[in-house]
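Okay, entry.cif now, which holds mmCIF, C-alpha atoms and all ligand atoms:
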data_coords
#
loop_
_atom_site.label_atom_id
_atom_site.label_comp_id
_atom_site.auth_asym_id
_atom_site.auth_seq_id
_atom_site.Cartn_x
_atom_site.Cartn_y
_atom_site.Cartn_z
CA MET A 243 44.87 328.93 264.31
CA THR A 244 41.74 327.29 262.81
CA THR A 245 40.30 324.60 265.02
CA LEU A 246 40.18 321.13 263.57
CA PRO A 247 36.67 319.75 263.17
CA GLY A 248 36.41 316.21 264.54
CA ALA A 249 39.68 316.66 266.45
CA GLU A 250 38.69 313.99 268.99
CA LEU A 251 38.40 311.41 266.18
CA PHE A 252 41.64 312.24 264.34
CA PRO A 253 45.18 311.25 265.42
CA ILE A 254 46.56 313.33 268.27
CA THR A 255 48.98 315.15 265.92
CA ALA A 256 46.23 316.27 263.52
CA ARG A 257 45.80 320.00 263.00
CA VAL A 258 44.88 322.58 260.41
CA ASN A 259 48.03 323.98 258.77
CA ALA A 260 48.74 327.38 257.26
CA GLU A 261 47.36 326.26 253.86
CA HIS A 262 44.08 325.37 255.60
CA HIS A 263 44.81 321.72 254.90
CA LEU A 264 44.61 318.78 257.25
CA GLU A 265 48.02 317.95 258.67
CA ILE A 266 48.93 314.69 260.39
CA GLY A 267 52.28 313.75 261.90
CA GLY A 268 53.64 317.09 260.73
CA LEU A 269 52.73 316.37 257.08
CA ASP A 270 50.16 317.95 254.78
CA VAL A 271 47.60 315.26 253.92
CA VAL A 272 46.80 316.88 250.58
CA ASP A 273 50.49 316.77 249.60
CA LEU A 274 50.70 313.13 250.68
CA ALA A 275 47.64 312.36 248.56
CA SER A 276 49.18 313.93 245.47
CA GLU A 277 52.55 312.27 246.06
CA HIS A 278 51.30 308.76 246.83
CA GLY A 279 47.91 308.80 245.12
CA THR A 280 44.55 307.88 246.60
CA PRO A 281 43.08 305.91 248.21
CA LEU A 282 45.79 306.08 250.81
CA TYR A 283 45.98 305.04 254.46
CA LEU A 284 47.96 307.02 257.02
CA PHE A 285 48.95 305.77 260.46
CA ASP A 286 50.23 308.28 262.98
CA SER A 287 53.01 306.75 265.07
CA ALA A 288 52.56 309.21 267.95
CA THR A 289 48.93 308.15 268.39
CA ILE A 290 49.82 304.44 268.38
CA ARG A 291 52.49 305.04 271.02
CA ALA A 292 50.18 307.25 273.08
CA MET A 293 47.51 304.54 273.13
CA CYS A 294 50.05 301.86 274.10
CA ARG A 295 51.16 304.08 276.98
CA ALA A 296 47.57 304.90 277.94
CA PHE A 297 46.81 301.19 278.41
CA ARG A 298 50.05 300.32 280.16
CA GLY A 299 49.81 303.41 282.34
CA ALA A 300 46.12 303.20 283.27
CA PHE A 301 46.19 299.50 284.17
CA GLY A 302 49.73 299.61 285.58
CA ASP A 303 48.82 302.47 287.93
CA LEU A 304 46.15 300.32 289.54
CA TYR A 305 47.51 296.79 289.39
CA SER A 306 51.04 295.50 289.71
CA LYS A 307 51.02 292.56 287.30
CA VAL A 308 49.74 293.65 283.91
CA HIS A 309 50.53 292.43 280.42
CA VAL A 310 49.08 294.40 277.51
CA SER A 311 48.77 292.21 274.44
CA TYR A 312 47.76 294.01 271.25
CA SER A 313 45.22 292.07 269.22
CA SER A 314 46.87 292.13 265.82
CA LYS A 315 43.73 291.21 263.89
CA ALA A 316 42.87 294.92 264.17
CA PHE A 317 45.89 295.71 261.96
CA ALA A 318 48.98 293.57 261.48
CA ASN A 319 52.14 295.00 260.00
CA PRO A 320 55.85 294.48 260.79
CA ALA A 321 56.43 298.21 261.32
CA LEU A 322 53.62 298.26 263.86
CA ALA A 323 55.03 295.14 265.55
CA ARG A 324 58.34 297.01 265.99
CA ILE A 325 56.57 299.91 267.67
CA LEU A 326 54.70 297.53 269.98
CA GLU A 327 57.91 295.84 271.01
CA GLU A 328 59.52 299.21 271.72
CA GLU A 329 56.50 300.12 273.82
CA ASP A 330 56.74 296.83 275.75
CA ILE A 331 53.41 295.57 274.45
CA GLY A 332 52.80 291.93 273.50
CA MET A 333 50.82 290.63 270.54
CA ASP A 334 47.86 288.30 270.06
CA VAL A 335 47.73 286.44 266.77
CA VAL A 336 44.95 284.33 265.29
CA SER A 337 46.66 282.77 262.29
CA GLY A 338 49.94 281.59 260.86
CA GLY A 339 49.89 284.80 258.80
CA GLU A 340 49.70 287.06 261.84
CA LEU A 341 52.37 284.94 263.47
CA ALA A 342 54.50 285.48 260.34
CA VAL A 343 54.21 289.24 260.86
CA ALA A 344 55.52 288.83 264.41
CA ARG A 345 58.27 286.50 263.24
CA ALA A 346 59.30 288.92 260.50
CA VAL A 347 60.56 291.28 263.19
CA ARG A 348 61.65 288.49 265.57
CA PHE A 349 59.01 289.57 268.05
CA PRO A 350 59.84 288.07 271.45
CA PRO A 351 57.88 284.78 271.42
CA LYS A 352 57.15 284.86 275.13
CA HIS A 353 55.07 287.99 274.55
CA LEU A 354 52.86 286.30 271.96
CA ASN A 355 49.50 284.63 272.46
CA PHE A 356 47.63 282.56 269.87
CA HIS A 357 43.82 282.77 269.73
CA GLY A 358 41.14 281.28 267.52
CA ASN A 359 38.31 278.77 267.52
CA ASN A 360 39.78 276.44 264.89
CA LYS A 361 43.53 276.81 264.70
CA SER A 362 45.09 274.48 262.17
CA PRO A 363 47.58 271.83 263.32
CA ALA A 364 50.19 273.50 261.08
CA ASP A 365 49.62 276.88 262.75
CA LEU A 366 49.79 275.32 266.21
CA ALA A 367 53.01 273.53 265.30
CA GLU A 368 54.57 276.78 264.04
CA ALA A 369 53.55 278.52 267.24
CA VAL A 370 55.02 275.78 269.45
CA ASP A 371 58.20 275.74 267.36
CA TYR A 372 58.51 279.52 267.82
CA ALA A 373 58.26 278.91 271.61
CA ILE A 374 55.16 281.08 271.85
CA GLY A 375 54.40 282.27 275.38
CA ARG A 376 50.74 281.26 275.48
CA ILE A 377 48.09 279.59 273.42
CA THR A 378 44.50 280.28 274.36
CA VAL A 379 42.74 277.01 273.71
CA ASP A 380 39.19 277.12 272.43
CA SER A 381 37.99 273.52 271.93
CA PHE A 382 38.45 269.90 273.03
CA HIS A 383 39.77 269.13 269.55
CA GLU A 384 42.49 271.75 270.03
CA LEU A 385 43.39 270.43 273.50
CA LYS A 386 44.05 267.01 272.02
CA THR A 387 45.87 268.29 268.92
CA LEU A 388 48.06 270.72 270.81
CA ASN A 389 48.94 268.14 273.44
CA GLU A 390 50.14 265.82 270.66
CA ILE A 391 52.08 268.57 268.88
CA ALA A 392 53.82 269.71 272.06
CA GLY A 393 54.51 266.10 273.08
CA ALA A 394 56.08 265.27 269.71
CA ARG A 395 58.53 268.11 270.33
CA GLY A 396 59.22 267.21 273.95
CA LYS A 397 57.69 270.50 275.10
CA LYS A 398 55.15 271.55 277.66
CA GLN A 399 53.05 274.39 276.19
CA ARG A 400 51.57 277.07 278.45
CA ILE A 401 47.86 277.51 277.74
CA LEU A 402 44.86 279.48 278.86
CA LEU A 403 41.33 278.23 278.32
CA ARG A 404 38.89 280.54 276.61
CA VAL A 405 35.60 280.33 278.47
CA SER A 406 32.29 281.79 277.43
CA PRO A 407 30.38 283.41 280.28
CA SER A 408 26.91 283.77 278.63
CA ILE A 409 27.01 287.55 278.97
CA ASP A 410 25.63 289.91 276.36
CA ALA A 411 27.87 292.96 276.04
CA HIS A 412 25.33 294.81 273.87
CA THR A 413 27.39 295.26 270.79
CA HIS A 414 26.50 294.30 267.21
CA ARG A 415 24.98 290.80 266.83
CA LEU A 416 27.95 289.82 264.65
CA THR A 417 30.62 291.05 267.06
CA THR A 418 29.31 289.77 270.38
CA THR A 419 31.27 286.74 271.54
CA GLY A 420 30.55 286.19 275.24
CA ILE A 421 27.01 284.85 274.87
CA LEU A 422 25.96 281.20 275.06
CA ASP A 423 25.26 280.95 271.31
CA THR A 424 28.78 281.67 270.06
CA LYS A 425 31.38 279.61 268.24
CA PHE A 426 34.09 280.80 270.63
CA GLY A 427 35.21 279.19 273.86
CA PHE A 428 34.02 276.63 276.39
CA SER A 429 30.65 277.50 277.89
CA ILE A 430 30.60 277.74 281.66
CA GLU A 431 26.81 277.43 281.67
CA THR A 432 26.70 274.08 279.87
CA GLY A 433 29.51 272.48 281.92
CA ALA A 434 31.87 272.36 278.92
CA ALA A 435 34.32 274.75 280.60
CA GLU A 436 34.59 272.54 283.70
CA GLU A 437 35.15 269.50 281.52
CA ALA A 438 37.86 271.43 279.62
CA VAL A 439 39.64 272.32 282.87
CA LYS A 440 39.57 268.66 283.90
CA VAL A 441 40.84 267.44 280.53
CA ALA A 442 43.55 270.13 280.26
CA LEU A 443 44.91 269.42 283.75
CA GLY A 444 45.22 265.76 282.81
CA LEU A 445 47.23 266.33 279.62
CA PRO A 446 50.96 265.83 280.12
CA ASN A 447 52.22 268.29 277.51
CA LEU A 448 50.05 271.26 278.42
CA ALA A 449 50.43 273.61 281.39
CA LEU A 450 47.10 275.24 282.15
CA VAL A 451 47.98 278.62 283.64
CA GLY A 452 44.76 280.57 283.44
CA LEU A 453 41.40 281.55 282.04
CA HIS A 454 40.41 283.97 279.30
CA PHE A 455 37.19 285.42 277.99
CA HIS A 456 36.37 288.05 275.40
CA LEU A 457 32.92 289.59 275.32
CA GLY A 458 32.91 291.26 271.91
CA SER A 459 33.85 294.51 270.30
CA PRO A 460 33.49 297.44 270.57
CA LEU A 461 32.15 297.64 274.13
CA PHE A 462 30.99 301.11 275.11
CA GLU A 463 29.54 299.77 278.38
CA LEU A 464 31.67 298.95 281.41
CA GLU A 465 29.23 296.77 283.38
CA PRO A 466 29.59 293.65 281.19
CA TYR A 467 33.31 293.46 282.11
CA GLU A 468 32.44 293.67 285.80
CA GLU A 469 29.71 291.05 285.58
CA ALA A 470 31.84 288.67 283.53
CA ILE A 471 34.87 288.99 285.82
CA GLN A 472 32.75 288.14 288.87
CA TYR A 473 31.23 285.15 287.10
CA VAL A 474 34.47 283.77 285.66
CA MET A 475 36.40 284.25 288.91
CA ALA A 476 33.67 282.39 290.82
CA PHE A 477 34.06 279.63 288.23
CA ALA A 478 37.84 279.69 288.73
CA ALA A 479 37.37 279.28 292.49
CA LYS A 480 35.13 276.27 291.90
CA MET A 481 37.70 274.76 289.54
CA ARG A 482 40.44 275.26 292.15
CA GLU A 483 38.33 273.42 294.70
CA ARG A 484 37.21 270.60 292.46
CA HIS A 485 40.22 270.09 290.17
CA GLY A 486 43.15 271.97 291.65
CA LEU A 487 43.25 274.74 289.03
CA LYS A 488 46.00 277.31 289.69
CA LEU A 489 45.10 280.75 288.37
CA GLU A 490 48.41 282.37 287.44
CA GLU A 491 46.94 284.40 284.58
CA PHE A 492 43.57 285.93 283.87
CA SER A 493 42.35 287.78 280.79
CA PRO A 494 39.10 289.67 280.22
CA GLY A 495 40.09 290.04 276.55
CA GLY A 496 39.76 293.23 274.56
CA GLY A 497 36.79 295.11 273.17
CA PHE A 498 37.78 298.63 274.23
CA ALA A 499 35.90 301.03 272.00
CA ALA A 500 37.11 303.86 269.75
CA GLY A 501 35.42 307.07 268.61
CA TYR A 502 34.12 306.99 265.04
CA VAL A 503 31.56 309.79 265.32
CA ALA A 504 31.62 312.79 267.63
CA ASP A 505 28.35 311.93 269.37
CA ARG A 506 29.51 308.47 270.46
CA LEU A 507 32.87 308.62 272.15
CA PRO A 508 34.20 305.67 274.18
CA PRO A 509 34.90 305.61 277.91
CA ALA A 510 38.45 306.79 278.64
CA VAL A 511 41.06 304.05 279.10
CA PRO A 512 41.34 304.72 282.89
CA GLU A 513 37.60 304.02 283.22
CA TYR A 514 37.99 300.59 281.65
CA ALA A 515 41.04 300.03 283.85
CA ARG A 516 39.23 301.04 287.04
CA THR A 517 36.26 298.79 286.25
CA ILE A 518 38.36 295.74 285.38
CA VAL A 519 40.91 296.08 288.17
CA THR A 520 38.28 296.81 290.85
CA ALA A 521 36.24 293.79 289.80
CA LEU A 522 39.29 291.54 289.65
CA GLU A 523 40.65 292.63 293.04
CA ALA A 524 37.23 292.22 294.64
CA ALA A 525 36.92 288.72 293.17
CA CYS A 526 40.44 287.81 294.34
CA ASP A 527 39.49 288.96 297.86
CA ALA A 528 36.16 287.16 297.81
CA HIS A 529 37.67 283.87 296.66
CA SER A 530 41.09 284.18 298.35
CA PHE A 531 43.12 284.16 295.16
CA ASP A 532 46.61 285.61 294.91
CA GLU A 533 46.43 288.30 292.26
CA PRO A 534 47.00 286.69 288.85
CA LEU A 535 48.80 288.31 285.94
CA LEU A 536 46.14 290.47 284.27
CA ILE A 537 46.32 290.23 280.48
CA ILE A 538 44.38 292.78 278.49
CA GLU A 539 44.03 292.59 274.74
CA PRO A 540 43.17 295.92 273.14
CA GLY A 541 43.15 295.86 269.35
CA ARG A 542 40.90 298.56 267.98
CA ALA A 543 41.66 301.02 270.77
CA ILE A 544 45.39 300.99 269.98
CA VAL A 545 45.14 301.66 266.25
CA ALA A 546 41.68 302.96 265.25
CA ARG A 547 42.36 306.61 266.00
CA ALA A 548 45.88 306.45 264.57
CA GLY A 549 44.57 305.58 261.11
CA VAL A 550 43.08 307.92 258.51
CA ALA A 551 41.71 306.83 255.13
CA VAL A 552 42.28 309.38 252.39
CA TYR A 553 40.16 309.37 249.24
CA ALA A 554 39.60 311.61 246.20
CA VAL A 555 36.10 312.74 245.30
CA GLY A 556 34.87 311.66 241.85
CA ALA A 557 31.28 311.48 240.63
CA ILE A 558 28.59 313.40 242.48
CA LYS A 559 24.93 312.45 242.07
CA ASP A 560 22.31 314.70 243.57
CA ILE A 561 18.79 313.27 243.70
CA PRO A 562 16.75 316.35 244.67
CA GLY A 563 14.84 315.85 247.88
CA VAL A 564 16.23 312.34 248.29
CA ARG A 565 20.00 312.13 248.70
CA LYS A 566 23.29 313.48 247.40
CA TYR A 567 25.85 310.78 246.70
CA VAL A 568 29.50 311.80 246.73
CA SER A 569 31.53 308.91 245.31
CA VAL A 570 35.15 308.38 246.22
CA ASN A 571 37.89 306.18 244.78
CA GLY A 572 37.83 303.69 247.66
CA GLY A 573 35.01 301.88 249.39
CA MET A 574 34.09 298.42 250.59
CA GLY A 575 37.34 296.95 249.25
CA ASP A 576 39.34 298.89 251.85
CA ASN A 577 36.55 299.38 254.42
CA ILE A 578 33.93 296.65 254.61
CA ARG A 579 32.76 297.62 258.12
CA PRO A 580 29.82 299.86 257.14
CA ALA A 581 28.53 297.14 254.79
CA ILE A 582 28.75 294.24 257.24
CA TYR A 583 28.19 295.89 260.61
CA GLY A 584 26.43 299.13 259.69
CA SER A 585 29.42 300.93 261.25
CA LYS A 586 29.24 304.71 261.26
CA TYR A 587 32.05 307.01 260.15
CA SER A 588 32.74 310.71 259.83
CA ALA A 589 34.32 312.47 256.85
CA PHE A 590 36.17 315.76 256.44
CA CYS A 591 37.50 317.62 253.43
CA ALA A 592 41.29 317.62 253.83
CA ASN A 593 41.97 320.42 251.34
CA ARG A 594 39.27 322.69 252.81
CA ILE A 595 39.33 321.54 256.39
CA GLY A 596 38.67 325.00 257.81
CA GLU A 597 35.46 325.53 255.80
CA PRO A 598 32.03 324.88 257.29
CA HIS A 599 31.08 321.22 256.96
CA ASP A 600 27.36 321.74 256.35
CA ASP A 601 26.39 319.90 253.16
CA LEU A 602 24.50 316.70 253.99
CA VAL A 603 25.75 313.89 251.75
CA THR A 604 26.22 310.14 251.55
CA ILE A 605 29.73 309.01 250.76
CA ALA A 606 29.71 306.06 248.40
CA GLY A 607 32.54 303.87 247.17
CA TRP A 608 33.20 302.91 243.55
CA TYR A 609 32.59 299.16 243.92
CA CYS A 610 29.75 297.55 241.99
CA GLU A 611 27.45 297.08 244.98
CA SER A 612 24.61 299.30 246.17
CA GLY A 613 25.70 298.50 249.70
CA ASP A 614 29.09 300.08 249.07
CA VAL A 615 28.47 303.16 251.18
CA LEU A 616 31.19 304.43 253.52
CA ALA A 617 29.17 307.03 255.43
CA ARG A 618 25.49 307.84 255.24
CA ASP A 619 24.19 311.32 256.01
CA VAL A 620 27.39 313.10 256.95
CA LYS A 621 28.16 316.78 256.62
CA ILE A 622 31.09 317.99 254.54
CA PRO A 623 31.69 321.22 252.59
CA VAL A 624 30.15 321.39 249.09
CA VAL A 625 32.78 319.33 247.29
CA LYS A 626 33.81 318.88 243.67
CA PRO A 627 35.71 316.13 241.85
CA GLY A 628 39.34 316.10 242.96
CA ASP A 629 38.69 317.26 246.50
CA ILE A 630 40.33 315.08 249.12
CA LEU A 631 38.24 313.45 251.83
CA ALA A 632 39.76 312.15 255.05
CA MET A 633 37.92 309.59 257.16
CA PRO A 634 39.28 309.38 260.71
CA ALA A 635 39.23 306.32 262.97
CA SER A 636 40.20 304.12 260.03
CA GLY A 637 43.07 302.28 261.67
CA ALA A 638 41.30 299.14 262.90
CA TYR A 639 39.65 296.25 261.06
CA GLN A 640 39.75 298.01 257.69
CA ILE A 641 43.09 297.12 256.10
CA PRO A 642 43.00 293.57 257.58
CA MET A 643 39.50 293.01 256.17
CA SER A 644 40.31 294.60 252.82
CA SER A 645 39.80 292.64 249.62
CA ASN A 646 40.54 292.67 245.92
CA TYR A 647 36.83 292.73 245.08
CA ASN A 648 36.32 294.06 241.54
CA MET A 649 40.04 293.33 241.09
CA ALA A 650 40.85 296.41 243.12
CA ARG A 651 44.42 297.03 244.19
CA ARG A 652 44.71 297.48 247.92
CA PRO A 653 45.92 300.92 248.97
CA PRO A 654 49.35 301.88 250.27
CA ILE A 655 49.98 302.63 253.93
CA LEU A 656 52.20 305.39 255.25
CA LEU A 657 53.45 305.57 258.81
CA VAL A 658 53.75 309.27 259.58
CA GLY A 659 55.39 311.16 262.41
CA GLU A 660 57.61 314.15 263.12
CA GLY A 661 57.30 315.42 259.57
CA LYS A 662 58.36 312.15 257.93
CA ALA A 663 56.43 309.47 256.08
CA LYS A 664 57.51 305.87 255.71
CA LEU A 665 55.81 303.59 253.20
CA ILE A 666 55.03 300.48 255.26
CA ARG A 667 52.96 298.83 252.56
CA ARG A 668 53.01 299.74 248.89
CA ARG A 669 49.97 299.91 246.65
CA GLU A 670 49.25 296.57 245.01
CA THR A 671 49.86 296.30 241.27
CA TYR A 672 47.93 294.42 238.58
CA GLU A 673 50.89 292.01 238.54
CA ASP A 674 50.26 291.32 242.23
CA LEU A 675 46.62 290.59 241.44
CA LEU A 676 47.50 288.17 238.65
CA ALA A 677 50.52 286.58 240.31
CA THR A 678 48.60 283.61 241.71
CA SER A 679 46.41 282.92 238.64
CA LYS A 680 47.14 280.87 235.52
CA VAL A 681 45.61 280.81 232.05
C1 LIG A 701 40.19 287.08 271.86
C2 LIG A 701 40.18 288.49 271.43
N1 LIG A 701 40.91 289.38 272.13
C3 LIG A 701 40.95 290.67 271.77
C4 LIG A 701 40.24 291.13 270.68
C5 LIG A 701 40.36 292.58 270.31
O1 LIG A 701 39.18 293.26 270.34
P1 LIG A 701 39.24 294.84 270.18
O2 LIG A 701 39.91 295.13 268.90
O3 LIG A 701 37.83 295.26 270.18
O4 LIG A 701 39.98 295.36 271.36
C6 LIG A 701 39.46 290.25 269.93
C7 LIG A 701 38.69 290.74 268.79
O5 LIG A 701 37.88 290.11 268.19
C8 LIG A 701 39.45 288.88 270.31
O6 LIG A 701 38.75 288.00 269.63
#
Structure rendered as structure tokens:
Amino acid sequence: MTTLPGAELFPITARVNAEHHLEIGGLDVVDLASEHGTPLYLFDSATIRAMCRAFRGAFGDLYSKVHVSYSSKAFANPALARILEEEDIGMDVVSGGELAVARAVRFPPKHLNFHGNNKSPADLAEAVDYAIGRITVDSFHELKTLNEIAGARGKKQRILLRVSPSIDAHTHRLTTTGILDTKFGFSIETGAAEEAVKVALGLPNLALVGLHFHLGSPLFELEPYEEAIQYVMAFAAKMRERHGLKLEEFSPGGGFAAGYVADRLPPAVPEYARTIVTALEAACDAHSFDEPLLIIEPGRAIVARAGVAVYAVGAIKDIPGVRKYVSVNGGMGDNIRPAIYGSKYSAFCANRIGEPHDDLVTIAGWYCESGDVLARDVKIPVVKPGDILAMPASGAYQIPMSSNYNMARRPPILLVGEGKAKLIRRRETYEDLLATSKV
């Protein structure tokens, strides 16, 4: 059997089939492209489930009280929410829209957590009405608003406080969130976090059950988790002494990396687990805490590898000695990450997957922007119009950040597995695009 190039980036079911085509979930990707058109997104259910189990297993093997809460901003869809529920994984939401996805499948409210630096009163009210398990509060304004909303309903809402530990996790400037200069959370360094603990404990309709931080994404380094856990747990001990804080729950957030290119693969899930659990247990020992419920919030790591973007090659422009542009029929409308974060991707030719990938090209989208480049300087076979390109690791932060720029219709999504494909989102139509406008 031909070996699959980039196998470590593709879904776990990916292989080269007898036609020398890329196969995922038991289905020929080239056939799927001709049946459903391109661009097309595939999500492999076996990979999603394997990642859910990897997180539950790796953390659960080391620590008895673990709750894995998938961060649905990475990709929110009712079919995915169903899988998460079946895998006993909770969900983080950051908007009424993401909450609506959870509600659409009657996701158990006690396994939901609401994040965000400026949640609207309407969103908070919906969350409280749905009896959401936790809200991670991010500001003094939210403490006051949420206390009023819960009080008006005669409820006591469980909350965590998001603190910011002033730790740089060495990710992209736009995706680092644990530093002092961030819009997220109460700073420990400035004293805001202590004030927030004091205020929250004094509010009658809120039950402060723990602390949360999130350092950024994706984090290829382990040390920042360790450093932040030590720092935040020392803060928790001080808050217990000074204000009577009870630490029932503790969350070091998400940020677990995924492999986009073969020369930069993430630490394995058990390595993250070992680092986080060791640091937490050591801090519990040092400060005489009973072990709190450990909440981890992987987003990208659950879905990135499961997703594959499938495009058709169109125009090819070769500038001798400079660059060869291979344009595809997708781009920044379905994947904005290269344009905003300089994210790197790999590409493979699905209909000639067994051929040497040795032609150096730049894969451009069709959108009217020079910055609409999906992958710079990647090697694929010498392609021609109509060839099918597959970009692995496309499952996270692509579809949720997609847009209708240039009045593009967003692509369909297929959930694939065991030789079957289920359309979990159809391609948008021009009617969809015009539905909210008036002459
Ligand atoms: C609070 C919080 N938790 C979890 C995540 C998920 O991060 P990742 O997808 O890198 O795991 C994010 C992402 O921004 C976040 O803001």
Exercise answer, 9 Å around ligand LIG 701 (chain A) with all atoms listed in the file, as an MDAnalysis selection string: chainID A and resid 311:316 334 336 356:358 378 404 417:419 426 454:461 493:500 538:546 638:639
Point-to-point distance from atom CA of A:Val439 to atom CA of A:Leu388, Å rounded to tenths: 14.8 Å
Pull the closest atom pair for each residue of stretch 576-650 of chain A that gets at most 7 Å from stretch 262-281 of chain A, along with the distance in Å to one decimal, counting all atoms listed in the file, ordering rows by chain and then ascending residue number, as a tab-separated table.
residue	atom	partner	partner_atom	distance
A:Ala592	CA	A:Leu264	CA	4.9
A:Asn593	CA	A:His263	CA	4.7
A:Arg594	CA	A:His263	CA	6.0
A:Ile595	CA	A:His263	CA	5.7
A:Gly596	CA	A:His262	CA	5.9
A:Ile630	CA	A:Val272	CA	6.9
Selected residue, from A:Arg298, A:Lys361, A:His529, A:Arg348, that lies nearest to A:Leu489 when counting all atoms listed in the file: A:His529
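Atom pair atom CA of A:Phe349 / atom CA of A:Val658: separated by 22.1 Å.
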Point-to-point distance in Å for atom CA of A:Asp423 and atom CA of A:Asp380: 14.5 Å
Close residues, A:Thr432 itself excluded, 10 Å, all atoms listed in the file, min 6 positions apart in chain, as JSON, numbers by chain: {"A": [406, 408, 422]}
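Of the listed residues (A:Thr387, A:Phe317, A:Ser679, A:Phe477), A:Phe317 comes nearest to A:Tyr283; the distances count all atoms listed in the file.
Counting all atoms listed in the file and comparing A:Asn447, A:Asn577, A:Thr255, A:Ser362, the residue that lies closest to A:Gly613 is A:Asn577.
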Centre and edge lengths of an axis-aligned box around all listed atoms of stretch 550-567 of chain A, with 6 Å added on each side, are to be given in Å to one decimal, as AutoDock Vina command-line options.
--center_x 29.0 --center_y 311.6 --center_z 249.6 --size_x 40.2 --size_y 21.5 --size_z 29.9
Residues near stretch 507-519 of chain A, cut-off 6 Å, only C-alpha atoms, skip fewer than 3 positions along chain, as a VMD selection string: chain A and resid 300 to 301 462 499 to 501 522 to 523
Point (51.4, 312.2, 262.7), cut-off 12 Å, counting all atoms listed in the file, residues as a ChimeraX atom specification: /A:252-257,264-271,284-292,547-550,656-664
Point (33.9, 317.8, 254.8) neighbourhood (8 Å, only C-alpha atoms) written as a PyMOL selection string: chain A and resi 589-592+594-595+597-601+621-625+631
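In this comparison, which uses only C-alpha atoms, the residue of A:Ala554, A:Val451, A:Val570, A:Ile641 approaching A:Ala617 most closely is A:Val570.
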